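One file, run34.csv, is given below (CSV, C-alpha atoms and all ligand atoms).
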chain,number,residue,atom,x,y,z
A,1,MET,CA,70.5,105.5,125.8
A,2,GLU,CA,71.3,102.5,127.9
A,3,ILE,CA,73.9,100.1,126.7
A,4,LYS,CA,75.6,96.9,127.9
A,5,LEU,CA,79.3,97.1,127.7
A,6,ARG,CA,81.2,93.9,127.8
A,7,VAL,CA,84.9,94.2,128.4
A,8,PHE,CA,87.6,91.5,128.0
A,9,ARG,CA,89.5,91.1,131.2
A,10,PHE,CA,92.7,89.2,131.8
A,11,ASN,CA,95.3,89.7,134.5
A,12,PRO,CA,98.1,87.2,134.0
A,13,GLU,CA,99.2,87.5,137.6
A,14,LYS,CA,95.8,86.4,138.9
A,15,ASP,CA,93.7,84.8,136.2
A,16,ALA,CA,94.1,81.4,134.6
A,17,LYS,CA,91.7,82.3,131.9
A,18,PRO,CA,90.3,85.6,130.5
A,19,HIS,CA,86.7,86.6,131.3
A,20,PHE,CA,84.3,89.4,130.4
A,21,ASP,CA,83.1,92.1,132.8
A,22,THR,CA,79.7,93.6,132.0
A,23,PHE,CA,78.7,97.2,132.7
A,24,ILE,CA,75.3,98.7,132.2
A,25,MET,CA,75.6,102.4,131.5
A,26,ASP,CA,73.6,105.3,130.3
A,27,VAL,CA,75.5,107.0,127.5
A,28,ASP,CA,75.1,109.5,124.8
A,29,PRO,CA,74.8,108.1,121.2
A,30,ASN,CA,77.6,110.5,120.3
A,31,ASP,CA,80.0,109.1,122.9
A,32,ARG,CA,83.0,107.3,121.5
A,33,VAL,CA,83.8,103.7,122.7
A,34,LEU,CA,86.9,105.2,124.3
A,35,ASP,CA,84.7,107.5,126.4
A,36,LEU,CA,82.8,104.4,127.7
A,37,LEU,CA,86.1,102.8,128.7
A,38,GLU,CA,87.1,106.0,130.5
A,39,TYR,CA,83.7,105.9,132.3
A,40,VAL,CA,84.5,102.4,133.4
A,41,LYS,CA,87.9,103.4,134.7
A,42,ALA,CA,86.5,106.5,136.5
A,43,ASP,CA,83.3,105.1,137.9
A,44,PHE,CA,83.4,101.3,138.1
A,45,ASP,CA,86.9,99.8,138.0
A,46,SER,CA,90.1,101.7,137.9
A,47,THR,CA,92.2,98.6,137.3
A,48,LEU,CA,91.0,98.3,133.7
A,49,ALA,CA,94.1,98.4,131.5
A,50,LEU,CA,94.1,100.0,128.0
A,51,ARG,CA,96.4,102.1,125.9
A,52,ARG,CA,95.3,105.5,124.7
A,53,SER,CA,97.0,108.8,124.2
A,54,CYS,CA,95.7,111.5,121.8
A,55,ALA,CA,92.1,110.4,121.9
A,56,HIS,CA,91.7,112.0,118.5
A,57,GLY,CA,92.7,109.3,116.0
A,58,VAL,CA,96.2,110.5,115.6
A,59,CYS,CA,98.6,108.5,117.8
A,60,GLY,CA,97.3,105.0,116.9
A,61,SER,CA,97.5,103.6,120.4
A,62,ASP,CA,93.9,102.5,121.0
A,63,ALA,CA,93.2,100.0,118.2
A,64,MET,CA,91.1,97.2,119.6
A,65,ARG,CA,88.4,94.7,118.5
A,66,ILE,CA,84.9,96.3,119.0
A,67,ASN,CA,81.9,94.1,118.2
A,68,GLY,CA,84.2,91.7,116.4
A,69,ARG,CA,86.2,94.0,114.2
A,70,ASN,CA,89.1,96.4,114.6
A,71,TYR,CA,88.6,100.1,115.2
A,72,LEU,CA,90.3,102.9,117.0
A,73,ALA,CA,88.2,103.2,120.2
A,74,CYS,CA,88.5,107.0,119.9
A,75,LYS,CA,87.2,107.1,116.4
A,76,VAL,CA,84.0,105.0,116.7
A,77,LEU,CA,80.8,106.4,118.0
A,78,VAL,CA,78.3,104.4,120.0
A,79,LYS,CA,75.5,105.2,117.4
A,80,ASN,CA,77.7,104.0,114.5
A,81,LEU,CA,77.8,100.5,116.0
A,82,LYS,CA,74.0,100.2,115.7
A,83,SER,CA,73.8,97.8,118.7
A,84,ASP,CA,73.0,98.3,122.4
A,85,THR,CA,75.5,95.6,123.4
A,86,ILE,CA,79.1,96.6,122.8
A,87,THR,CA,81.9,94.1,123.2
A,88,VAL,CA,85.4,95.2,123.5
A,89,GLU,CA,88.3,92.8,123.1
A,90,PRO,CA,92.1,93.1,122.5
A,91,LEU,CA,93.6,92.8,119.1
A,92,LEU,CA,94.0,89.3,117.7
A,93,GLY,CA,97.2,87.6,117.0
A,94,LEU,CA,99.4,89.3,119.6
A,95,ARG,CA,99.9,88.2,123.1
A,96,VAL,CA,97.7,89.8,125.7
A,97,ILE,CA,99.7,91.6,128.4
A,98,LYS,CA,96.7,92.8,130.4
A,99,ASP,CA,93.0,93.4,129.6
A,100,LEU,CA,93.1,95.3,126.3
A,101,ILE,CA,96.8,95.8,126.1
A,102,VAL,CA,98.7,93.5,123.7
A,103,ASP,CA,102.4,93.0,123.2
A,104,MET,CA,103.2,95.1,120.1
A,105,GLY,CA,106.7,93.7,119.9
A,106,PRO,CA,106.3,91.4,116.9
A,107,PHE,CA,104.3,94.1,115.1
A,108,PHE,CA,107.1,96.7,115.4
A,109,GLU,CA,109.8,94.1,114.6
A,110,ASN,CA,108.0,93.4,111.3
A,111,PHE,CA,107.7,97.2,110.7
A,112,ARG,CA,111.5,97.6,111.3
A,113,SER,CA,112.4,94.7,109.0
A,114,VAL,CA,111.3,96.6,105.9
A,115,LEU,CA,113.7,99.6,106.4
A,116,PRO,CA,110.9,102.1,106.9
A,117,TYR,CA,113.1,105.3,106.5
A,118,LEU,CA,114.6,107.3,103.7
A,119,ILE,CA,117.8,105.9,102.3
A,120,ASN,CA,119.9,108.0,100.1
A,121,ASP,CA,123.6,108.3,100.3
A,122,ASP,CA,124.0,110.3,97.1
A,123,PRO,CA,125.7,113.7,97.4
A,124,LEU,CA,123.3,116.6,97.9
A,125,PRO,CA,122.1,118.5,94.9
A,126,ALA,CA,124.4,121.3,93.6
A,127,ASP,CA,122.7,124.0,95.6
A,128,GLY,CA,123.2,121.9,98.7
A,129,ARG,CA,119.6,122.1,99.7
A,130,GLU,CA,116.6,119.9,99.1
A,131,ARG,CA,116.2,116.9,96.8
A,132,LEU,CA,113.3,118.2,94.7
A,133,GLN,CA,110.3,116.2,93.8
A,134,SER,CA,107.4,117.0,91.4
A,135,PRO,CA,103.8,117.0,92.7
A,136,GLU,CA,103.1,113.9,90.7
A,137,GLN,CA,106.1,112.1,92.2
A,138,ARG,CA,104.9,113.1,95.7
A,139,GLU,CA,101.4,112.0,94.9
A,140,ARG,CA,102.6,108.5,94.0
A,141,PHE,CA,103.0,107.5,97.7
A,142,GLU,CA,100.7,110.1,99.3
A,143,ASP,CA,98.2,107.4,100.4
A,144,THR,CA,100.7,105.3,102.4
A,145,THR,CA,102.2,108.3,104.2
A,146,LYS,CA,99.0,108.4,106.3
A,147,CYS,CA,99.7,105.4,108.4
A,148,ILE,CA,99.7,105.9,112.2
A,149,LEU,CA,101.0,102.3,113.0
A,150,CYS,CA,97.9,101.4,115.0
A,151,ALA,CA,98.1,97.7,113.9
A,152,ALA,CA,94.4,97.5,113.2
A,153,CYS,CA,95.2,96.1,109.7
A,154,THR,CA,97.9,93.6,110.6
A,155,THR,CA,95.9,92.1,113.5
A,156,SER,CA,92.8,91.7,111.3
A,157,CYS,CA,94.8,89.6,108.8
A,158,PRO,CA,94.3,85.8,108.7
A,159,SER,CA,97.8,85.3,107.4
A,160,PHE,CA,99.2,87.2,110.4
A,161,TRP,CA,97.1,85.1,112.8
A,162,ALA,CA,98.6,82.0,111.2
A,163,ASP,CA,102.1,83.3,111.5
A,164,GLU,CA,103.3,86.4,113.2
A,165,ARG,CA,106.5,86.4,111.2
A,166,TYR,CA,104.5,87.4,108.2
A,167,VAL,CA,105.5,91.1,107.9
A,168,GLY,CA,101.8,92.1,107.6
A,169,PRO,CA,99.9,94.9,105.9
A,170,ALA,CA,101.2,97.7,108.1
A,171,ALA,CA,104.9,96.9,107.3
A,172,ILE,CA,104.1,96.6,103.6
A,173,VAL,CA,102.3,100.0,103.6
A,174,ASN,CA,105.3,101.6,105.2
A,175,ALA,CA,107.7,99.9,102.8
A,176,HIS,CA,105.4,101.1,99.9
A,177,ARG,CA,105.8,104.7,101.3
A,178,PHE,CA,109.5,104.6,100.6
A,179,ILE,CA,109.7,102.2,97.7
A,180,PHE,CA,107.7,104.6,95.5
A,181,ASP,CA,109.4,107.8,96.8
A,182,SER,CA,111.6,109.2,94.0
A,183,ARG,CA,114.1,110.5,96.5
A,184,ASP,CA,114.8,107.1,98.0
A,185,THR,CA,117.4,104.7,96.6
A,186,ALA,CA,116.8,101.4,98.5
A,187,ALA,CA,113.6,100.2,96.7
A,188,ALA,CA,115.4,97.1,95.3
A,189,LYS,CA,116.5,96.1,98.8
A,190,ARG,CA,113.0,96.5,100.2
A,191,LEU,CA,111.5,94.5,97.3
A,192,GLU,CA,114.0,91.8,98.0
A,193,ILE,CA,113.0,91.6,101.7
A,194,LEU,CA,109.3,91.6,100.7
A,195,ASN,CA,109.8,88.9,98.1
A,196,GLN,CA,110.6,86.4,100.8
A,197,GLN,CA,108.2,83.8,102.0
A,198,ILE,CA,107.1,85.9,104.9
A,199,GLY,CA,106.7,88.9,102.6
A,200,VAL,CA,103.9,90.1,100.3
A,201,TRP,CA,103.1,86.6,98.9
A,202,ARG,CA,101.5,85.7,102.3
A,203,CYS,CA,98.8,88.2,101.4
A,204,ARG,CA,95.6,86.3,100.4
A,205,THR,CA,93.6,89.5,99.7
A,206,ALA,CA,91.2,88.7,102.5
A,207,PHE,CA,90.8,92.5,102.6
A,208,ASN,CA,90.1,92.8,106.4
A,209,CYS,CA,93.1,95.3,106.5
A,210,THR,CA,91.5,97.8,104.2
A,211,GLU,CA,88.2,97.5,105.9
A,212,ALA,CA,89.8,98.1,109.3
A,213,CYS,CA,92.2,100.9,108.5
A,214,PRO,CA,91.1,104.1,110.4
A,215,ARG,CA,93.0,106.2,108.0
A,216,ASP,CA,91.2,104.8,104.9
A,217,ILE,CA,94.5,103.8,103.3
A,218,HIS,CA,94.0,101.6,100.3
A,219,ILE,CA,96.2,98.9,101.8
A,220,THR,CA,95.3,96.0,99.5
A,221,THR,CA,96.1,98.3,96.5
A,222,ALA,CA,99.5,99.2,98.1
A,223,ILE,CA,100.3,95.5,98.6
A,224,ALA,CA,99.3,94.6,95.0
A,225,GLU,CA,101.5,97.5,93.8
A,226,VAL,CA,104.4,96.1,95.7
A,227,LYS,CA,103.7,92.6,94.3
A,228,LYS,CA,103.6,94.1,90.8
A,229,ALA,CA,106.9,95.9,91.4
A,230,ILE,CA,108.5,92.6,92.4
A,231,ASN,CA,107.1,90.8,89.4
A,232,THR,CA,108.0,93.4,86.8
A,233,GLY,CA,111.1,95.0,88.4
A,234,LYS,CA,109.6,98.4,87.5
A,235,LEU,CA,108.4,101.2,89.8
A,236,ASP,CA,105.7,102.9,87.9
G,1,MET,CA,99.6,81.0,122.4
G,2,SER,CA,99.7,78.6,119.5
G,3,TYR,CA,99.3,80.0,115.9
G,4,MET,CA,96.8,77.2,115.0
G,5,LYS,CA,94.6,78.3,117.9
G,6,THR,CA,94.8,82.0,117.1
G,7,THR,CA,94.0,81.3,113.4
G,8,LEU,CA,91.0,79.2,114.2
G,9,THR,CA,89.7,81.6,116.9
G,10,GLY,CA,90.4,84.4,114.5
G,11,TYR,CA,88.2,82.9,111.9
G,12,ALA,CA,85.4,82.6,114.4
G,13,ALA,CA,86.0,85.8,116.4
G,14,TYR,CA,86.7,88.3,113.8
G,15,ARG,CA,83.8,89.9,112.0
G,16,GLY,CA,85.1,90.4,108.5
G,17,ARG,CA,83.1,91.3,105.4
G,18,GLU,CA,82.8,90.1,101.8
G,19,GLY,CA,86.6,89.9,101.4
G,20,HIS,CA,86.9,87.7,104.4
G,21,TRP,CA,84.0,85.5,103.4
G,22,ALA,CA,85.6,85.1,100.0
G,23,PHE,CA,88.9,84.1,101.6
G,24,LEU,CA,87.3,81.5,103.9
G,25,LEU,CA,85.2,80.1,101.1
G,26,HIS,CA,88.3,80.0,98.8
G,27,ARG,CA,90.1,78.0,101.5
G,28,ILE,CA,87.2,75.6,102.1
G,29,THR,CA,86.6,75.0,98.4
G,30,GLY,CA,90.3,74.6,97.8
G,31,LEU,CA,90.5,72.0,100.5
G,32,GLY,CA,87.5,70.2,99.0
G,33,VAL,CA,89.2,70.0,95.7
G,34,VAL,CA,92.5,68.8,97.1
G,35,LEU,CA,90.7,66.1,99.2
G,36,PHE,CA,88.9,64.8,96.1
G,37,LEU,CA,92.0,64.9,94.1
G,38,ALA,CA,93.9,62.9,96.7
G,39,ILE,CA,91.1,60.3,96.9
G,40,HIS,CA,91.0,60.1,93.1
G,41,ILE,CA,94.7,59.5,92.7
G,42,VAL,CA,94.6,56.7,95.3
G,43,ASP,CA,91.6,55.0,93.8
G,44,THR,CA,92.9,55.2,90.2
G,45,SER,CA,96.2,53.6,91.4
G,46,PHE,CA,94.1,50.6,92.5
G,47,VAL,CA,93.7,49.7,88.8
G,48,TYR,CA,97.3,48.8,88.8
G,49,PHE,CA,97.8,47.6,92.4
G,50,ALA,CA,94.5,46.0,93.3
G,51,PRO,CA,92.1,45.6,90.3
G,52,GLN,CA,89.5,43.9,92.5
G,53,LEU,CA,89.4,46.8,94.9
G,54,TYR,CA,89.0,49.1,92.0
G,55,VAL,CA,85.7,47.6,91.1
G,56,ASP,CA,84.6,48.1,94.7
G,57,VAL,CA,85.6,51.7,94.6
G,58,ILE,CA,83.6,52.3,91.5
G,59,ASN,CA,80.6,51.0,93.3
G,60,VAL,CA,81.3,53.4,96.2
G,61,TYR,CA,81.4,56.2,93.6
G,62,ARG,CA,77.9,55.2,92.4
G,63,SER,CA,76.5,55.5,95.9
G,64,THR,CA,74.1,58.4,96.7
G,65,ILE,CA,76.3,59.9,99.4
G,66,PHE,CA,79.2,60.1,96.9
G,67,GLY,CA,77.0,61.5,94.3
G,68,LEU,CA,76.0,64.3,96.6
G,69,GLY,CA,79.6,64.8,97.4
G,70,GLU,CA,80.4,65.2,93.8
G,71,ILE,CA,77.7,67.8,93.4
G,72,ALA,CA,79.4,69.8,96.2
G,73,LEU,CA,82.8,69.2,94.5
G,74,VAL,CA,81.5,70.9,91.4
G,75,PHE,CA,80.6,74.0,93.4
G,76,CYS,CA,84.1,73.9,95.0
G,77,LEU,CA,85.6,73.9,91.5
G,78,PHE,CA,83.5,76.7,90.2
G,79,PHE,CA,83.9,79.0,93.1
G,80,HIS,CA,87.6,78.4,93.5
G,81,GLY,CA,88.1,79.0,89.8
G,82,VAL,CA,86.0,82.1,89.5
G,83,ASN,CA,87.2,83.7,92.7
G,84,GLY,CA,90.8,82.8,91.7
G,85,LEU,CA,90.3,84.7,88.5
G,86,ARG,CA,88.8,87.7,90.3
G,87,ILE,CA,91.8,87.9,92.6
G,88,ALA,CA,94.3,87.4,89.8
G,89,TYR,CA,92.7,90.1,87.7
G,90,LEU,CA,92.6,92.6,90.5
G,91,ASP,CA,96.1,91.9,91.8
G,92,LEU,CA,97.8,91.7,88.5
G,93,PHE,CA,96.0,94.1,86.3
G,94,ALA,CA,93.8,96.5,88.4
G,95,PRO,CA,95.3,97.1,91.8
G,96,LYS,CA,93.5,100.4,92.0
G,97,ASP,CA,90.2,98.5,92.0
G,98,TRP,CA,90.9,97.0,95.4
G,99,THR,CA,88.6,99.6,96.9
G,100,ILE,CA,86.0,98.7,99.6
G,101,ASP,CA,83.0,99.2,97.3
G,102,LYS,CA,84.4,97.3,94.4
G,103,THR,CA,85.8,94.4,96.4
G,104,ARG,CA,82.5,93.9,98.2
G,105,ARG,CA,80.7,93.9,94.9
G,106,SER,CA,83.2,91.7,93.0
G,107,MET,CA,83.0,89.0,95.7
G,108,LEU,CA,79.2,88.9,95.2
G,109,VAL,CA,79.6,88.8,91.5
G,110,ALA,CA,82.1,85.9,91.7
G,111,LEU,CA,79.7,84.1,94.0
G,112,GLY,CA,76.8,84.8,91.6
G,113,ILE,CA,78.7,83.5,88.5
G,114,SER,CA,79.7,80.4,90.4
G,115,LEU,CA,76.1,79.7,91.3
G,116,VAL,CA,74.9,80.3,87.8
G,117,LEU,CA,77.4,77.8,86.5
G,118,TRP,CA,76.8,75.3,89.3
G,119,VAL,CA,73.0,75.2,89.5
G,120,PRO,CA,72.4,73.6,86.0
G,121,SER,CA,75.3,71.2,86.5
G,122,ALA,CA,74.0,70.3,90.0
G,123,GLY,CA,70.5,69.8,88.5
G,124,TRP,CA,71.8,67.5,85.8
G,125,MET,CA,73.9,65.5,88.3
G,126,LEU,CA,71.0,65.2,90.7
G,127,PHE,CA,68.7,64.1,87.8
G,128,ASN,CA,71.1,61.3,86.9
G,129,LEU,CA,71.6,60.3,90.5
G,130,LEU,CA,67.9,59.9,91.1
G,131,ARG,CA,67.6,58.1,87.8
G,132,HIS,CA,70.3,55.5,88.4
G,133,ASN,CA,70.0,55.1,92.1
G,134,TYR,CA,66.3,55.4,92.7
G,135,GLY,CA,64.8,54.5,89.3
G,136,LEU,CA,63.1,57.8,89.0
G,137,PHE,CA,62.4,59.5,85.6
G,138,GLY,CA,62.2,56.1,83.9
G,139,GLY,CA,65.8,55.1,85.0
D,1,LIG,S1,97.8,101.0,107.5
D,1,LIG,FE1,96.0,101.8,108.6
D,1,LIG,S2,95.4,100.1,109.9
D,1,LIG,FE2,97.4,99.6,109.3
D,1,LIG,S3,98.8,100.4,110.9
D,1,LIG,FE3,98.6,102.0,109.4
D,1,LIG,S4,96.9,103.3,110.0
D,1,LIG,FE4,96.7,101.4,111.2
D,2,LIG,S1,94.0,107.5,121.4
D,2,LIG,FE1,95.3,108.2,119.8
D,2,LIG,S2,94.5,107.2,118.1
D,2,LIG,FE2,93.0,106.8,119.6

Can the structure from this file be put into structure tokens for me?
Ligand code: SF4
Ligand code: FES
Amino acid sequence: MEIKLRVFRFNPEKDAKPHFDTFIMDVDPNDRVLDLLEYVKADFDSTLALRRSCAHGVCGSDAMRINGRNYLACKVLVKNLKSDTITVEPLLGLRVIKDLIVDMGPFFENFRSVLPYLINDDPLPADGRERLQSPEQRERFEDTTKCILCAACTTSCPSFWADERYVGPAAIVNAHRFIFDSRDTAAAKRLEILNQQIGVWRCRTAFNCTEACPRDIHITTAIAEVKKAINTGKLD
Amino acid sequence: MSYMKTTLTGYAAYRGREGHWAFLLHRITGLGVVLFLAIHIVDTSFVYFAPQLYVDVINVYRSTIFGLGEIALVFCLFFHGVNGLRIAYLDLFAPKDWTIDKTRRSMLVALGISLVLWVPSAGWMLFNLLRHNYGLFGG
């Protein structure tokens, strides 16, 4: 099928303003949008800048706005977009470095601010081996372990567009992953961090994050659970 | 890059779904209510500070344009209230129901309830407006 691919272009060294390049190409409906961008780089314009690595929805480097909403370019097929015009733009709310590449700095700063790692200084169990956990305890945070830090959620969030200091859904998802882990001991500290003005209360439940997450994480549920834990002081 | 600009371009450039529409409508209706409240506080204060002005204000309230504004205001109140209850219920009592399906549906239900509440009130207000300002229906 023939499609019209419109790609956002911006080279800060040359351009005063961004513009769109249009490519008419013959593609397979089963091609992924990432494939189309690779065709552009191979056959039309090798200067197109984008991030990608695994090409299989695992590394989280190619989140971008496709026909107006966030996807991983490697996970969305041409036929699923149900349109013969495909517009590709960089993520919103982060500074564009070049073309489809944005500065992920503020995103990772927010991620780091919630202590996204296991904290437990207690002595090891008597046998000196693992800290055991029941299947139910493991299940409690299963959903939020799936995050690949692609930023599709955070950059779809109106609260994040309004203020990049808002920790954003991705950081809350990763905080949730440790807050509800029975082996971790720093839940209270994380809840205190997320109880700040730039924490969970900036969430207005616009729900774009959950719609955008390529890992189908129930992000708004995770955020609501953190809100609840702050309100009740209980981790159930 | 200013935040204001990203926020506004974001509203226009991001294609969200029901949740996003609910968020936008919640904002707009909230602003509508606040605006009305602000005007209302100012005009009521005229009773004390400038009684003559107060009479003028009441006449402005009786104008058609204000009447239509009030009909819109009632929609703002209903939607903001009903959607607020939806969010509070899901967030406080049923976080697990923040699924894509249920969220899309609950937004439409909230909109439906708001309209069901609004249409009769709007009809009644319109009836009175036409009666008082245009002498229709034997007014
Ligand atoms: S929660 Fe989902 S959308 Fe957000 S960063 Fe993780 S994988 Fe990406
Ligand atoms: S390239 Fe790795 S997730 Fe798409």

Which chain G residues are at most 9 Å from chain A (counting all atoms listed in the file), as JSON, numbers by chain? {"G": [1, 3, 4, 5, 6, 7, 8, 9, 10, 11, 13, 14, 15, 16, 17, 18, 19, 20, 21, 22, 23, 24, 87, 90, 91, 92, 93, 94, 95, 96, 97, 98, 99, 100, 103]}

Quote the spacing between CA of Val40 (chain A) and CA of Thr85 (chain A) in Å to one decimal place.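 Between CA of Val40 (chain A) and CA of Thr85 (chain A) the gap is 15.1 Å.
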
Suppose you want the space between CA of Arg131 (chain A) and CA of Ile148 (chain A); what is it in Å?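 Between these atoms lies a distance of 25.1 Å.
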
Using all atoms listed in the file, determine which residues lie at most 12 Å from Phe111 (chain A), disregarding the query and same-chain residues fewer than 4 positions distant; provide the list as a PDB file with C-alpha atoms, keeping the file's coordinate frame.
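Once written, around.pdb looks like this:
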ATOM      1  CA  MET A 104     103.200  95.100 120.100  1.00  0.00           C
ATOM      2  CA  GLY A 105     106.700  93.700 119.900  1.00  0.00           C
ATOM      3  CA  PRO A 106     106.300  91.400 116.900  1.00  0.00           C
ATOM      4  CA  PHE A 107     104.300  94.100 115.100  1.00  0.00           C
ATOM      5  CA  LEU A 115     113.700  99.600 106.400  1.00  0.00           C
ATOM      6  CA  PRO A 116     110.900 102.100 106.900  1.00  0.00           C
ATOM      7  CA  TYR A 117     113.100 105.300 106.500  1.00  0.00           C
ATOM      8  CA  CYS A 147      99.700 105.400 108.400  1.00  0.00           C
ATOM      9  CA  ILE A 148      99.700 105.900 112.200  1.00  0.00           C
ATOM     10  CA  LEU A 149     101.000 102.300 113.000  1.00  0.00           C
ATOM     11  CA  CYS A 150      97.900 101.400 115.000  1.00  0.00           C
ATOM     12  CA  ALA A 151      98.100  97.700 113.900  1.00  0.00           C
ATOM     13  CA  THR A 154      97.900  93.600 110.600  1.00  0.00           C
ATOM     14  CA  GLU A 164     103.300  86.400 113.200  1.00  0.00           C
ATOM     15  CA  ARG A 165     106.500  86.400 111.200  1.00  0.00           C
ATOM     16  CA  TYR A 166     104.500  87.400 108.200  1.00  0.00           C
ATOM     17  CA  VAL A 167     105.500  91.100 107.900  1.00  0.00           C
ATOM     18  CA  GLY A 168     101.800  92.100 107.600  1.00  0.00           C
ATOM     19  CA  PRO A 169      99.900  94.900 105.900  1.00  0.00           C
ATOM     20  CA  ALA A 170     101.200  97.700 108.100  1.00  0.00           C
ATOM     21  CA  ALA A 171     104.900  96.900 107.300  1.00  0.00           C
ATOM     22  CA  ILE A 172     104.100  96.600 103.600  1.00  0.00           C
ATOM     23  CA  VAL A 173     102.300 100.000 103.600  1.00  0.00           C
ATOM     24  CA  ASN A 174     105.300 101.600 105.200  1.00  0.00           C
ATOM     25  CA  ALA A 175     107.700  99.900 102.800  1.00  0.00           C
ATOM     26  CA  HIS A 176     105.400 101.100  99.900  1.00  0.00           C
ATOM     27  CA  ARG A 190     113.000  96.500 100.200  1.00  0.00           C
ATOM     28  CA  ILE A 193     113.000  91.600 101.700  1.00  0.00           C
ATOM     29  CA  LEU A 194     109.300  91.600 100.700  1.00  0.00           C
ATOM     30  CA  GLY A 199     106.700  88.900 102.600  1.00  0.00           C
TER      31      GLY A 199
END

Using all atoms listed in the file, determine which residues fall within 6 Å of ligand LIG 2 (chain D), then list them as a list in words. Arg52, Ser53, Cys54, Ala55, His56, Gly57, Val58, Cys59, Gly60, Ser61, Asp62, Leu72 and Cys74 of chain A

Nearby residues (only C-alpha atoms) at most 9 Å from Asp236 (chain A), same-chain spacing under 3 positions excluded, as a list in words: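 Listing them by chain and then by number gives Arg140, Phe180 and Ala229 of chain A.
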
Arg62 (chain G): which residues within 12 Å, counting only C-alpha atoms, same-chain residues fewer than 2 positions away excluded, as a VMD selection string? chain G and resid 55 to 60 64 to 70 125 128 to 134

Between CA of Ala187 (chain A) and CA of Cys213 (chain A), what is the distance in Å, rounded to a tenth?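 That distance, rounded to one decimal, is 24.4 Å.
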
Please report, as JSON, the centre and edge lengths in Å to one decimal of an axis-aligned box covering all listed atoms of region 83-97 of chain G with 8 Å per side.
{"center_x": 92.5, "center_y": 91.6, "center_z": 89.5, "size_x": 26.6, "size_y": 33.6, "size_z": 22.4}

I'd like to know which of A:Cys203, A:Ile97, A:Arg177, A:Asp28 is closest to Glu142 (chain A), using only C-alpha atoms.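 Of A:Cys203, A:Ile97, A:Arg177, A:Asp28, the one nearest Glu142 (chain A), counting only C-alpha atoms, is A:Arg177.
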
Pick from A:Thr144, A:Thr87, A:Asn80, A:Gln133 nearest to ligand LIG 1 (chain D), counting only C-alpha atoms and all ligand atoms: A:Thr144

All residues 12 Å or closer to region 121-125 of chain A, all atoms listed in the file, same chain fewer than 3 positions away omitted, as a PyMOL selection string: chain A and resi 118+128-132+183-186

In terms of the shortest atom-to-atom distance over only C-alpha atoms, which of A:Gln137, A:Gln196, A:Ala63, A:Arg51 is closest to Leu235 (chain A)? A:Gln137

Select, counting only C-alpha atoms, all protein, DNA and RNA residues no farther than 12 Å from (92.2, 76.6, 89.8) in file coordinates, and express the selection as an NGL selection string. :G and (26-27 or 29-31 or 33-34 or 76-88)

List the spatial neighbours of Ile230 (chain A) as a ChimeraX atom specification - criterion: any atom at most 8 Å away, all atoms listed in the file, same-chain residues fewer than 3 positions off excluded. /A:191-192,195,226-227,233-234

Reconstruct N, CA, C and O atoms of region 85-93 of chain G; output as an mmCIF file, in the coordinates of the input.
data_model
loop_
_atom_site.group_PDB
_atom_site.id
_atom_site.type_symbol
_atom_site.label_atom_id
_atom_site.label_comp_id
_atom_site.auth_asym_id
_atom_site.auth_seq_id
_atom_site.Cartn_x
_atom_site.Cartn_y
_atom_site.Cartn_z
ATOM 1 N N LEU G 85 90.159 83.765 89.579
ATOM 2 C CA LEU G 85 90.300 84.700 88.500
ATOM 3 C C LEU G 85 90.070 86.137 88.924
ATOM 4 O O LEU G 85 90.767 87.058 88.512
ATOM 5 N N ARG G 86 89.093 86.316 89.813
ATOM 6 C CA ARG G 86 88.800 87.700 90.300
ATOM 7 C C ARG G 86 90.060 88.225 91.022
ATOM 8 O O ARG G 86 90.482 89.356 90.751
ATOM 9 N N ILE G 87 90.659 87.402 91.897
ATOM 10 C CA ILE G 87 91.800 87.900 92.600
ATOM 11 C C ILE G 87 92.990 88.144 91.693
ATOM 12 O O ILE G 87 93.656 89.176 91.792
ATOM 13 N N ALA G 88 93.213 87.214 90.757
ATOM 14 C CA ALA G 88 94.300 87.400 89.800
ATOM 15 C C ALA G 88 94.146 88.653 89.009
ATOM 16 O O ALA G 88 95.080 89.437 88.818
ATOM 17 N N TYR G 89 92.927 88.880 88.559
ATOM 18 C CA TYR G 89 92.700 90.100 87.700
ATOM 19 C C TYR G 89 92.978 91.338 88.555
ATOM 20 O O TYR G 89 93.714 92.218 88.111
ATOM 21 N N LEU G 90 92.405 91.435 89.755
ATOM 22 C CA LEU G 90 92.600 92.600 90.500
ATOM 23 C C LEU G 90 94.066 92.836 90.917
ATOM 24 O O LEU G 90 94.621 93.923 90.799
ATOM 25 N N ASP G 91 94.696 91.755 91.357
ATOM 26 C CA ASP G 91 96.100 91.900 91.800
ATOM 27 C C ASP G 91 97.042 92.168 90.709
ATOM 28 O O ASP G 91 97.946 92.979 90.852
ATOM 29 N N LEU G 92 96.847 91.515 89.558
ATOM 30 C CA LEU G 92 97.800 91.700 88.500
ATOM 31 C C LEU G 92 97.540 92.851 87.578
ATOM 32 O O LEU G 92 98.461 93.499 87.095
ATOM 33 N N PHE G 93 96.253 93.100 87.326
ATOM 34 C CA PHE G 93 96.000 94.100 86.300
ATOM 35 C C PHE G 93 95.283 95.369 86.827
ATOM 36 O O PHE G 93 95.368 96.408 86.192
#
